[in-house]
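First up is the structure itself, then whatever we jot down about it.
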Amino acid sequence: MKAIRGAITVDADSPEEIRKSVKELLDTLKNRNCLTDSQIICIMFSNTQDIRSYYPAKAGREAGYVSCALYSSVEPEIDGSLEKCIRVMILADTDRLPEHVYLKDAQNLRRDISHKLNIAIDGPAGSGKSTVAKIISEKFDILYLDTGAMYRACALACLHNGIDVKNQTAVGELLKKTEISVEYRDGLQVTKINGKDVSAEIRTPEISMSASAVSALKCVREEMVRIQRKIAETGSCVLDGRDIGTNVLPDAEYKFFLTASPEVRAERRLKENRLKGIEQSFEAVLNEIKQRDSQDMERTIAPLVKASDAVEIITDAMNAEEVADSIINYIQRKI
Ligand code: DC
C-alpha cells in the first residue's frame with residue numbers, strides 16, 4: 001500500500017470551484033499514479049478554514065470516487081499559510097512509486113517531492129520513439145503519453161463520421177462534439193473517443209496516413225496540444241511525438257530527436273505490422289513512411305523538426321533497448 005499526497009488551491013470559496021478543483025486534483029492523482037478505482041482504499045482531505053461552502057469529501061464522491069472511503073477535516077489556522085487550500089492523502093493498493101501532485105498555488109508547497117521530470121522525444125514514423133519512451137517511463141516510473149495516438153483518434157473519429165480529414169471546418173465541428181481522452185490502465189495508455197476505447201482500432205496503416213493529414217489542421221493541433229500540456233503539467237512524464245520539444249513542452253528539461261533512414265524505419269514498421277497480422281509489401285510501407293515524412297515535415301503548423309536544444313540519436317544501427325539506455329544514461333548523468 002502507498003500513501004500519495006496532493007494539494008490544490010481554489011480560486012473562490014464556492015461549491016462550483018470546490019467541486020471543480022477536487023475533481024481536477026483527484027483525476028490528476030489517479031492518472032499520474034495509474035490507479036484504477038478498485039486500488040483506491042481511502043481519500044482523506046483537509047482544508048484551510050477559509051473554505052466553508054462545501055465538503056471536499058462530498059465533491060470527491062460527486063466526482064465519481066464512490067468505491068472508497070472519503071473523509072474531510074478542517075486544518076488549524078496557521079499564520080502565513082496558503083489561502084483556500086485543499087490537501088489530500090490517498091491510500092492506494094499499488095506497487096508503483098507514488099507521484100505526489102501539487103496544483104496551482106499549492107505547487108510551491110512541496111517542491112521537494114513534486115519535482116517534475118519532463119522528457120520530450122520527437123522523430124519521424126518508425127524511428128523507435130514509442131518503444132523507447134515506454135522503456136524510459138518504466139525505468140523512471142513516470143507516465144508515458146503517446147501523442148500520436150491522440151491524432152490517430154481524431155482521424156478515426158473523422159472516418160467514423162464520414163468526414164474528410166483535410167476539411168478544416170467539418171473536422172473543427174466534429175471536434176467540438178467529440179471527446180478525445182487518454183486514461184491509464186495497469187500503467188498502459190488507453191485512448192478513447194467519447195469514452196470508448198479505440199487503442200487497437202487506431203493502429204492501422206490507413207489511420208496512420210489520415211492521422212498525419214488531420215494533424216496538419218490548426219483546430220486539431222490546438223485542441224490536442226491543450227490536452228497534452230494539461231496532462232504533462234501535472235507531473236513527471238515522457239511524451240513522444242513530432243512537436244514535443246519545439247511546441248508542446250518547449251521548456252522540457254530533456255529533449256531527444258530520434259532518426260533513422262526511411263528504409264530502416266520501413267523495415268521496422270513492416271515487422272510490427274506483421275505481428276499485428278497486417279500484411280503489406282516493403283515498397284508500400286516505405287512509400288507510406290516517405291509520404292508521412294514529407295506531410296509531417298512540410299506542414300505549416302508545428303512541423304516535425306529537431307528542437308535546437310534536442311540531443312539527436314541516429315538509430316539505424318541500434319535496437320530500442322540501446323537507444324533507451326543511452327537516453328537513461330544521459331539523464332542520470334545530468335539529474
Ligand atoms: O507517432 P504516430 O505515428 O502514432 O503519429 C501519427 C501521426 O500523428 C503522425 O504522422 C503525425 C501526427 N503527430 C503530430 O503531428 N504530432 C505529434 N506530436 C504526434 C503525432
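Chain labels run A, B, ... following the order of the C-alpha cells; each chain numbers its residues from 1, and ligands are numbered from 1 in the order shown.
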
message = At a cut-off of 8 Å, using only C-alpha atoms, what residues contact Arg229 in chain A? Leave out same-chain residues fewer than 3 positions from it and give the result as a PyMOL selection string.
response = chain A and resi 225-226+232-233+248-249

Determine, for each residue of range 233-284 of chain A having at least one atom at most 7 Å from an atom of range 116-127 of chain A, the closest pair of atoms and their separation in Å to one decimal, counting only C-alpha atoms; order by chain and ascending number, as a Markdown table.
```
| residue | atom | partner | partner_atom | distance |
| --- | --- | --- | --- | --- |
| A:Gly235 | CA | A:Lys116 | CA | 5.4 |
| A:Ser236 | CA | A:Leu117 | CA | 4.4 |
| A:Cys237 | CA | A:Asn118 | CA | 5.2 |
| A:Val238 | CA | A:Ile119 | CA | 4.5 |
| A:Leu239 | CA | A:Ala120 | CA | 5.2 |
| A:Asp240 | CA | A:Ile121 | CA | 4.6 |
| A:Gly241 | CA | A:Asp122 | CA | 5.0 |
| A:Arg242 | CA | A:Asp122 | CA | 4.9 |
| A:Asp243 | CA | A:Asp122 | CA | 6.6 |
| A:Ile244 | CA | A:Ala120 | CA | 5.6 |
| A:Gly245 | CA | A:Ala120 | CA | 5.5 |
| A:Ala252 | CA | A:Asn118 | CA | 5.3 |
| A:Glu253 | CA | A:Asn118 | CA | 6.0 |
| A:Tyr254 | CA | A:Ile119 | CA | 4.8 |
| A:Lys255 | CA | A:Ala120 | CA | 4.7 |
| A:Phe256 | CA | A:Ile121 | CA | 4.8 |
| A:Phe257 | CA | A:Asp122 | CA | 4.9 |
| A:Leu258 | CA | A:Gly123 | CA | 4.9 |
| A:Thr259 | CA | A:Ser127 | CA | 5.3 |
| A:Ala260 | CA | A:Ser127 | CA | 5.8 |
| A:Arg265 | CA | A:Gly126 | CA | 4.5 |
| A:Ala266 | CA | A:Gly126 | CA | 6.8 |
| A:Arg268 | CA | A:Gly126 | CA | 6.4 |
| A:Arg269 | CA | A:Gly126 | CA | 6.0 |
```

ask   = With only C-alpha atoms and all ligand atoms as the atoms that count, which of A:Ala153, A:Val182, A:Leu174, A:Ala307 lies nearest to ligand 1?
value = A:Ala153

ask   = Which neighbours of Ile135 in chain A fall inside 9 Å, counting only C-alpha atoms, when residues of the same chain fewer than 6 positions from it are skipped, and could you give them as a PyMOL selection string?
value = chain A and resi 320-321+324-325

Store the residues picked out above in a file with all heavy atoms, as a compact mmCIF listing (two decimals), in the first residue's frame.
```txt
# COMPACT_ATOMS: atom_id res chain seq x y z
N ALA A 320 15.97 -0.81 -29.73
CA ALA A 320 15.26 0.11 -28.82
C ALA A 320 15.92 0.15 -27.44
O ALA A 320 16.02 1.21 -26.83
CB ALA A 320 13.81 -0.32 -28.70
N GLU A 321 16.37 -1.02 -26.95
CA GLU A 321 17.00 -1.06 -25.61
C GLU A 321 18.25 -0.19 -25.59
O GLU A 321 18.52 0.53 -24.63
CB GLU A 321 17.37 -2.49 -25.18
CG GLU A 321 16.22 -3.32 -24.66
CD GLU A 321 15.26 -3.73 -25.76
OE1 GLU A 321 15.71 -3.83 -26.93
OE2 GLU A 321 14.07 -3.94 -25.48
N ALA A 324 17.22 3.46 -25.59
CA ALA A 324 16.68 3.82 -24.27
C ALA A 324 17.82 3.93 -23.25
O ALA A 324 17.86 4.89 -22.47
CB ALA A 324 15.65 2.80 -23.81
N ASP A 325 18.76 2.98 -23.30
CA ASP A 325 19.89 3.03 -22.36
C ASP A 325 20.68 4.32 -22.51
O ASP A 325 21.08 4.94 -21.52
CB ASP A 325 20.84 1.85 -22.59
CG ASP A 325 20.34 0.60 -21.88
OD1 ASP A 325 19.37 0.73 -21.11
OD2 ASP A 325 20.90 -0.49 -22.14
```

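What separates CA of Ile289 in chain A from CA of Leu159 in chain A is a distance of 20.8 Å.
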
message = Among range 4-89 of chain A, which ones does DSSP assign to alpha helix (DSSP H) (computed from the backbone)? Answer as a PyMOL selection string.
response = chain A and resi 15-32+56-62

Which polymer residues have any atom within 6 Å of an atom of Met44 in chain A, counting only C-alpha atoms, with same-chain residues fewer than 2 positions away left out, as an mmCIF file with C-alpha atoms, in the first residue's frame?
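This is the output file result_32.cif:
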```cif
data_model
loop_
_atom_site.group_PDB
_atom_site.id
_atom_site.type_symbol
_atom_site.label_atom_id
_atom_site.label_comp_id
_atom_site.auth_asym_id
_atom_site.auth_seq_id
_atom_site.Cartn_x
_atom_site.Cartn_y
_atom_site.Cartn_z
ATOM 1 C CA LEU A 70 -13.779 9.551 1.830
ATOM 2 C CA TYR A 71 -13.201 11.890 4.725
ATOM 3 C CA SER A 72 -12.568 15.607 5.185
ATOM 4 C CA VAL A 88 -5.362 15.274 0.226
ATOM 5 C CA MET A 89 -3.843 11.934 1.103
#
```

Considering only C-alpha atoms, tabulate each residue of range 187-227 of chain A that lies at most 12 Å from range 25-37 of chain A along with its nearest interatomic pair and the corresponding distance in Å to one decimal; arrange the rows by chain and ascending residue number and present them as JSON lines.
```
{"residue": "A:Gly187", "atom": "CA", "partner": "A:Cys34", "partner_atom": "CA", "distance": 5.3}
{"residue": "A:Leu188", "atom": "CA", "partner": "A:Cys34", "partner_atom": "CA", "distance": 8.1}
{"residue": "A:Gln189", "atom": "CA", "partner": "A:Cys34", "partner_atom": "CA", "distance": 9.2}
{"residue": "A:Val190", "atom": "CA", "partner": "A:Cys34", "partner_atom": "CA", "distance": 11.0}
```

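Secondary structure by DSSP on the backbone puts the following residues of range 61-155 of chain A in strand (DSSP E or B): Ala69, Leu70, Tyr71, Ser72, Ser73, Val74, Cys85, Ile86, Arg87, Val88, Met89, Ile90, Leu91, Ala92, Val101, Tyr102, Leu103, Asn118, Ile119, Ala120, Ile121, Asp122, Leu143, Tyr144, Leu145 and Asp146 of chain A.
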
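For the set A:Pro15, A:Gly277, A:Asp251, A:Val264, the residue with the smallest atom-to-atom gap to Asp309 in chain A is A:Asp251, counting only C-alpha atoms.
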